[in-house]
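J.: Dropping the structure in here first, questions after.
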Amino acid sequence: MKFMKLGSKPDQFQNDGDNIRYVATELATDFIINVGDIKFYLHKFPLLSKSSHLQRLVSSENEEHDEIRIDDIPGGPTALEICVKFCYGMVSTLNAYNVVAARCAAEYLEMYETVEKGNLIYKIDVFLSSSIFRSWKDSIIVLQTTRSHLPWSEELKIVSHCLDSIASKASIDPSRVDWSYTYNRKMLLSENDVMKQQTVPQDWWVKELCELHVALYKRVISTIRAKGRVSADVIGEALQTYITRRLPGFSKGTIRGGDTLKYRYLVETITELLPMEISSVPCGFLLKLLQASFVLGCGEAGRRELMQKISQQLREATVDDFLIRSPNGETALYNIDLVYDLVEQFVMQEHTDCSLGPELYAAKANVATLVDSYLAEAARDSSLHISRFLDVAAMVSSFPRKTCDRIYRAIDMYLKEHPEMSKSEKKKMCRLMDCRKLSGEACAHVVQNERLPLRVVMQVLFFEHSRAAAGGSSDHTMPDLPGSIRALLPVGSYGSSRSATTNTDDDWDGDWTSEELASLRLKGGAEKAGAKKMWSNENSSSDTSGSLEESRCTPSRSRRPPLS
């Protein structure tokens, strides 16, 4: 830390209790200055010779004893003491922590060069320009102290000089950084286990700015961006680091109030500072920021801006990111209405924005995977209404998918947690999946799943038989099926796996003999006798891949274990 010593005479300031300070000399004091509860017993000559303001106050004093009050002096008694010691020529030290107070107090006392050459204002300005503003860490400390001395520090341009100094250093080519800084990965072990200096990273400055008050931090980031030499990715990383340090529970998504006004302003400020460039910050970070804005009651405009950014990066989100808790007072566990709005914006963007270009197909596939996996988790909530489930799922029903396994998992989970569903509701839900796109493991589970409508089981068995026939014979003929079942298969589809079902729902719900169902299920089971992987229902909320876990078949059990 830089410092400057003023004066050369011994410090003769002494205290008499907590509220009296005086200069211990042979000459009796003839001047009293009051600052709050503190009385300074001083001598007129050394002070008036350097302060125009004190000269005017003394000349206008009509009382018998010269006593003045200056409660509004910036920096209070501490800053006044520095100025008084300078007037007496006593030793005092300026550093990054007290220089702003001393400079503002000197301005208040009008200690200009026109009053006396080499006055205090001149000396402090030289110290600031030659030392403080050239130091990275001192500039940050000084900027932080300016908050206690507004508007003086602003009017004297100390704030603007600090901002420019910090922004200029943050914007410099990292290879030219030759001063100390705080960085977690600053040192690196070489192959010989000898500590060596790592190449200075682009984000070397991010951590130290976290100590700034949010209002000052906002101005620093704005100044850095205005210089245009720092990438949007580094700015985004800086914002993430700052709010993670300043907002308790943010990284875990468990914000629980506290100083609501303070944290609300923090979230709104970070939202305002977000770079315009897409993917400059991760989608997961944006979703945490959106969740915080709901918890803290941030403004609607900021939320809309966040949702717009999230919709542009929705393909990057994970299920964990999407599991946003409902606001207090809501019965549903997760805020599915928010998810609906985000997916809706993505769909609208698909129709209006061509920026994705060739990536559109992949983006839609990723969003479909995300929504399907999210619904599998949300379906565990028994208070989730079927209409909201269907609304969200329907928006991505036309999106490309390699398989429909994930949406089937979601449907099965919902059926398990909502056993009171009617037959018609089950049918609506099952229309969300294409039975032809179920994997072998999923089909095996469907055949044994007694929660599903019979129509779905029959479709799966039919398509599985069709695939088996297509793979096993050149004429693609189907194995023999019971006559009553064959009569209900789609017209023209017997022996083909390409046709869609055309029968009515009621047709599929006719009465079947136990022998017919057993025969058909036996055929479906026999075709999968060699399969060792079965449908897993033990996926954690963090599973975003939708992969199937391996387990052994259990043909001896009378019914398939539920998907949970």
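Just so we're on the same page: first chain in the structure tokens is A, next is B, and so on; residues restart at 1 for each chain, and ligands are numbered from 1 in the order they show up.
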Using backbone DSSP assignments, extract all alpha helix (DSSP H) residues from range 337-483 of chain A; output them as a ChimeraX atom specification.
T.: /A:337-352,360-378,386-395,405-417,423-430,440-448,454-472,483
J.: Hey, what's within 8 Å of range 263-279 of chain A if we count only C-alpha atoms and toss same-chain stuff fewer than 5 positions away? As an MDAnalysis selection string, please?
T.: chainID A and resid 214 218 221:222 232:233 235:236 239 243 247 258 289 292:293 296:299 302 306 309 312:313
J.: One number please: CA of Glu110 in chain A to CA of Ile73 in chain A, in Å, one decimal.
T.: 11.4 Å
J.: Excluding Glu154 in chain A and its own-chain neighbours fewer than 3 positions away, which residues fall within 12 Å of it when counting only C-alpha atoms? Please give them as a ChimeraX atom specification.
T.: /A:100,103-104,143,145-151,157-163,216
J.: For the selection you just gave me, I'd like the residues written to a file as a PDB file, in the first residue's frame, keeping N, CA, C and O atoms.
T.:
```
ATOM      1  N   VAL A 100      -8.975  10.139   1.126  1.00  0.00           N
ATOM      2  CA  VAL A 100     -10.192  10.779   0.621  1.00  0.00           C
ATOM      3  C   VAL A 100     -10.780  11.706   1.675  1.00  0.00           C
ATOM      4  O   VAL A 100     -11.176  12.844   1.377  1.00  0.00           O
ATOM      5  N   ARG A 103      -8.593  14.767   1.869  1.00  0.00           N
ATOM      6  CA  ARG A 103      -8.738  15.653   0.697  1.00  0.00           C
ATOM      7  C   ARG A 103     -10.052  16.419   0.745  1.00  0.00           C
ATOM      8  O   ARG A 103     -10.098  17.632   0.441  1.00  0.00           O
ATOM      9  N   CYS A 104     -11.115  15.778   1.135  1.00  0.00           N
ATOM     10  CA  CYS A 104     -12.414  16.458   1.215  1.00  0.00           C
ATOM     11  C   CYS A 104     -12.415  17.493   2.346  1.00  0.00           C
ATOM     12  O   CYS A 104     -12.980  18.590   2.193  1.00  0.00           O
ATOM     13  N   LEU A 143     -11.660   3.999  -3.930  1.00  0.00           N
ATOM     14  CA  LEU A 143     -13.020   4.074  -4.492  1.00  0.00           C
ATOM     15  C   LEU A 143     -14.053   3.642  -3.464  1.00  0.00           C
ATOM     16  O   LEU A 143     -15.116   4.261  -3.341  1.00  0.00           O
ATOM     17  N   THR A 145     -13.857   3.933  -0.255  1.00  0.00           N
ATOM     18  CA  THR A 145     -14.001   4.943   0.808  1.00  0.00           C
ATOM     19  C   THR A 145     -14.734   6.194   0.342  1.00  0.00           C
ATOM     20  O   THR A 145     -15.201   6.974   1.168  1.00  0.00           O
ATOM     21  N   THR A 146     -14.846   6.379  -0.959  1.00  0.00           N
ATOM     22  CA  THR A 146     -15.512   7.597  -1.454  1.00  0.00           C
ATOM     23  C   THR A 146     -16.990   7.632  -1.082  1.00  0.00           C
ATOM     24  O   THR A 146     -17.578   8.716  -1.023  1.00  0.00           O
ATOM     25  N   ARG A 147     -17.587   6.459  -0.832  1.00  0.00           N
ATOM     26  CA  ARG A 147     -19.019   6.424  -0.501  1.00  0.00           C
ATOM     27  C   ARG A 147     -19.318   7.197   0.783  1.00  0.00           C
ATOM     28  O   ARG A 147     -20.401   7.765   0.931  1.00  0.00           O
ATOM     29  N   SER A 148     -18.363   7.236   1.702  1.00  0.00           N
ATOM     30  CA  SER A 148     -18.589   7.908   2.985  1.00  0.00           C
ATOM     31  C   SER A 148     -18.420   9.418   2.885  1.00  0.00           C
ATOM     32  O   SER A 148     -18.693  10.125   3.866  1.00  0.00           O
ATOM     33  N   HIS A 149     -18.018   9.898   1.734  1.00  0.00           N
ATOM     34  CA  HIS A 149     -17.710  11.326   1.618  1.00  0.00           C
ATOM     35  C   HIS A 149     -18.395  11.964   0.419  1.00  0.00           C
ATOM     36  O   HIS A 149     -17.874  12.910  -0.173  1.00  0.00           O
ATOM     37  N   LEU A 150     -19.536  11.426   0.055  1.00  0.00           N
ATOM     38  CA  LEU A 150     -20.337  12.049  -1.002  1.00  0.00           C
ATOM     39  C   LEU A 150     -21.093  13.242  -0.425  1.00  0.00           C
ATOM     40  O   LEU A 150     -21.484  13.225   0.740  1.00  0.00           O
ATOM     41  N   PRO A 151     -21.332  14.310  -1.193  1.00  0.00           N
ATOM     42  CA  PRO A 151     -20.973  14.454  -2.622  1.00  0.00           C
ATOM     43  C   PRO A 151     -19.579  15.015  -2.859  1.00  0.00           C
ATOM     44  O   PRO A 151     -19.201  15.258  -4.005  1.00  0.00           O
ATOM     45  N   LYS A 157     -13.944  14.845  -8.231  1.00  0.00           N
ATOM     46  CA  LYS A 157     -13.577  13.896  -9.293  1.00  0.00           C
ATOM     47  C   LYS A 157     -12.679  12.759  -8.804  1.00  0.00           C
ATOM     48  O   LYS A 157     -11.992  12.111  -9.604  1.00  0.00           O
ATOM     49  N   ILE A 158     -12.683  12.524  -7.513  1.00  0.00           N
ATOM     50  CA  ILE A 158     -11.920  11.377  -7.005  1.00  0.00           C
ATOM     51  C   ILE A 158     -12.550  10.073  -7.493  1.00  0.00           C
ATOM     52  O   ILE A 158     -11.850   9.137  -7.889  1.00  0.00           O
ATOM     53  N   VAL A 159     -13.888  10.026  -7.491  1.00  0.00           N
ATOM     54  CA  VAL A 159     -14.595   8.829  -7.943  1.00  0.00           C
ATOM     55  C   VAL A 159     -14.283   8.546  -9.405  1.00  0.00           C
ATOM     56  O   VAL A 159     -13.945   7.419  -9.783  1.00  0.00           O
ATOM     57  N   SER A 160     -14.388   9.564 -10.248  1.00  0.00           N
ATOM     58  CA  SER A 160     -14.158   9.358 -11.681  1.00  0.00           C
ATOM     59  C   SER A 160     -12.722   8.942 -11.967  1.00  0.00           C
ATOM     60  O   SER A 160     -12.463   8.099 -12.838  1.00  0.00           O
ATOM     61  N   HIS A 161     -11.758   9.502 -11.231  1.00  0.00           N
ATOM     62  CA  HIS A 161     -10.365   9.105 -11.424  1.00  0.00           C
ATOM     63  C   HIS A 161     -10.145   7.655 -11.011  1.00  0.00           C
ATOM     64  O   HIS A 161      -9.402   6.907 -11.684  1.00  0.00           O
ATOM     65  N   CYS A 162     -10.780   7.232  -9.931  1.00  0.00           N
ATOM     66  CA  CYS A 162     -10.672   5.826  -9.501  1.00  0.00           C
ATOM     67  C   CYS A 162     -11.285   4.898 -10.540  1.00  0.00           C
ATOM     68  O   CYS A 162     -10.705   3.851 -10.879  1.00  0.00           O
ATOM     69  N   LEU A 163     -12.455   5.252 -11.026  1.00  0.00           N
ATOM     70  CA  LEU A 163     -13.117   4.427 -12.035  1.00  0.00           C
ATOM     71  C   LEU A 163     -12.246   4.257 -13.264  1.00  0.00           C
ATOM     72  O   LEU A 163     -12.091   3.156 -13.795  1.00  0.00           O
ATOM     73  N   LEU A 216     -21.044   1.133  -6.680  1.00  0.00           N
ATOM     74  CA  LEU A 216     -19.728   1.415  -7.254  1.00  0.00           C
ATOM     75  C   LEU A 216     -19.333   0.324  -8.247  1.00  0.00           C
ATOM     76  O   LEU A 216     -18.725   0.610  -9.293  1.00  0.00           O
TER      77      LEU A 216
END
```
J.: Just list the residues in range 76-175 of chain A DSSP gives strand (DSSP E or B) on the backbone, as JSON, numbers by chain.
T.: {"A": [90, 92, 93, 94, 95]}
J.: Selected residues, all heavy atoms, written as a CSV table (one decimal), in the first residue's frame, please.
T.:
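Now in again.csv:
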```
chain,number,residue,atom,x,y,z
A,90,MET,N,3.2,18.9,12.2
A,90,MET,CA,3.4,17.6,12.9
A,90,MET,C,3.3,16.5,11.9
A,90,MET,O,2.7,16.5,10.8
A,90,MET,CB,2.3,17.5,13.9
A,90,MET,CG,2.3,18.5,15.0
A,90,MET,SD,1.0,18.2,16.2
A,90,MET,CE,1.1,19.7,17.2
A,92,SER,N,2.2,13.2,10.2
A,92,SER,CA,0.9,12.4,10.0
A,92,SER,C,1.1,11.6,8.7
A,92,SER,O,1.9,12.0,7.8
A,92,SER,CB,-0.3,13.3,9.9
A,92,SER,OG,-0.2,14.2,8.8
A,93,THR,N,0.4,10.6,8.6
A,93,THR,CA,0.6,9.7,7.4
A,93,THR,C,-0.7,9.6,6.6
A,93,THR,O,-1.8,9.3,7.2
A,93,THR,CB,1.0,8.3,7.9
A,93,THR,OG1,2.2,8.4,8.6
A,93,THR,CG2,1.3,7.4,6.7
A,94,LEU,N,-0.6,9.7,5.3
A,94,LEU,CA,-1.8,9.5,4.4
A,94,LEU,C,-1.6,8.2,3.8
A,94,LEU,O,-0.5,7.8,3.4
A,94,LEU,CB,-1.8,10.6,3.4
A,94,LEU,CG,-2.1,12.0,3.9
A,94,LEU,CD1,-2.1,13.0,2.7
A,94,LEU,CD2,-3.5,12.1,4.5
A,95,ASN,N,-2.7,7.5,3.6
A,95,ASN,CA,-2.7,6.2,2.9
A,95,ASN,C,-4.1,6.1,2.2
A,95,ASN,O,-4.9,7.0,2.2
A,95,ASN,CB,-2.5,5.0,3.8
A,95,ASN,CG,-3.5,5.0,5.0
A,95,ASN,OD1,-4.7,5.2,4.8
A,95,ASN,ND2,-2.9,4.8,6.2
```
J.: Name the residues in contact with Ser175 in chain A at a cut-off of 12 Å, using only C-alpha atoms, excluding same-chain residues fewer than 6 positions from it; report them as a list in words.
T.: Lys169, Gln198, Thr199, Val200, Pro201, Gln202 and Trp204 of chain A
J.: Would you compute the distance between CA of Val58 in chain A and CA of Glu26 in chain A? Give it in Å to one decimal.
T.: 23.0 Å
J.: Find the residue from A:His53, A:Arg409, A:Lys85, A:Arg229 that sits nearest to Ala442 in chain A; use only C-alpha atoms when measuring.
T.: A:Arg409
J.: Report, in Å with one decimal, the straight-line distance from CA of Asp341 in chain A to CA of Gln308 in chain A.
T.: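 Between CA of Asp341 in chain A and CA of Gln308 in chain A the gap works out to 10.0 Å.
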J.: Mind checking which residues fall within 9 Å of range 452-454 of chain A, counting only C-alpha atoms, ignoring those fewer than 5 positions away in the same chain, and posting them as a list in words?
T.: Asp412, Leu415, Lys423, Lys426, Lys427, Cys430, Val446, Gln459, Trp508 and Asp509 of chain A
J.: Counting only C-alpha atoms, which of A:Leu438, A:Ala79, A:Tyr88, A:Asp71 gets nearest to Pro46 in chain A?
T.: A:Tyr88
J.: Which residues are near Pro10 in chain A? Cut-off 12 Å, only C-alpha atoms, ignore same chain within fewer than 2 positions. Put them as a PyMOL selection string.
T.: chain A and resi 6-8+12-14+23-25+85-86+88-92
J.: If you keep C-alpha atoms, can you produce a file of those selected residues as a short mmCIF file (atom, residue, chain, number, x, y, z; two decimals), in the first residue's frame?
T.:
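Final output, selection_14.cif:
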```
data_model
loop_
_atom_site.label_atom_id
_atom_site.label_comp_id
_atom_site.auth_asym_id
_atom_site.auth_seq_id
_atom_site.Cartn_x
_atom_site.Cartn_y
_atom_site.Cartn_z
CA LEU A 6 3.36 14.94 6.08
CA GLY A 7 5.30 17.19 8.46
CA SER A 8 8.42 16.56 10.47
CA GLN A 12 1.92 16.85 20.16
CA PHE A 13 -1.79 16.06 19.98
CA GLN A 14 -3.15 14.76 23.25
CA VAL A 23 -1.97 20.60 21.32
CA ALA A 24 0.50 20.34 24.21
CA THR A 25 2.74 23.43 23.85
CA LYS A 85 -1.43 18.46 12.20
CA PHE A 86 -0.45 19.61 8.72
CA TYR A 88 1.30 22.68 12.82
CA GLY A 89 3.87 20.76 10.75
CA MET A 90 3.40 17.64 12.87
CA VAL A 91 3.99 14.17 11.50
CA SER A 92 0.93 12.44 9.99
#
```
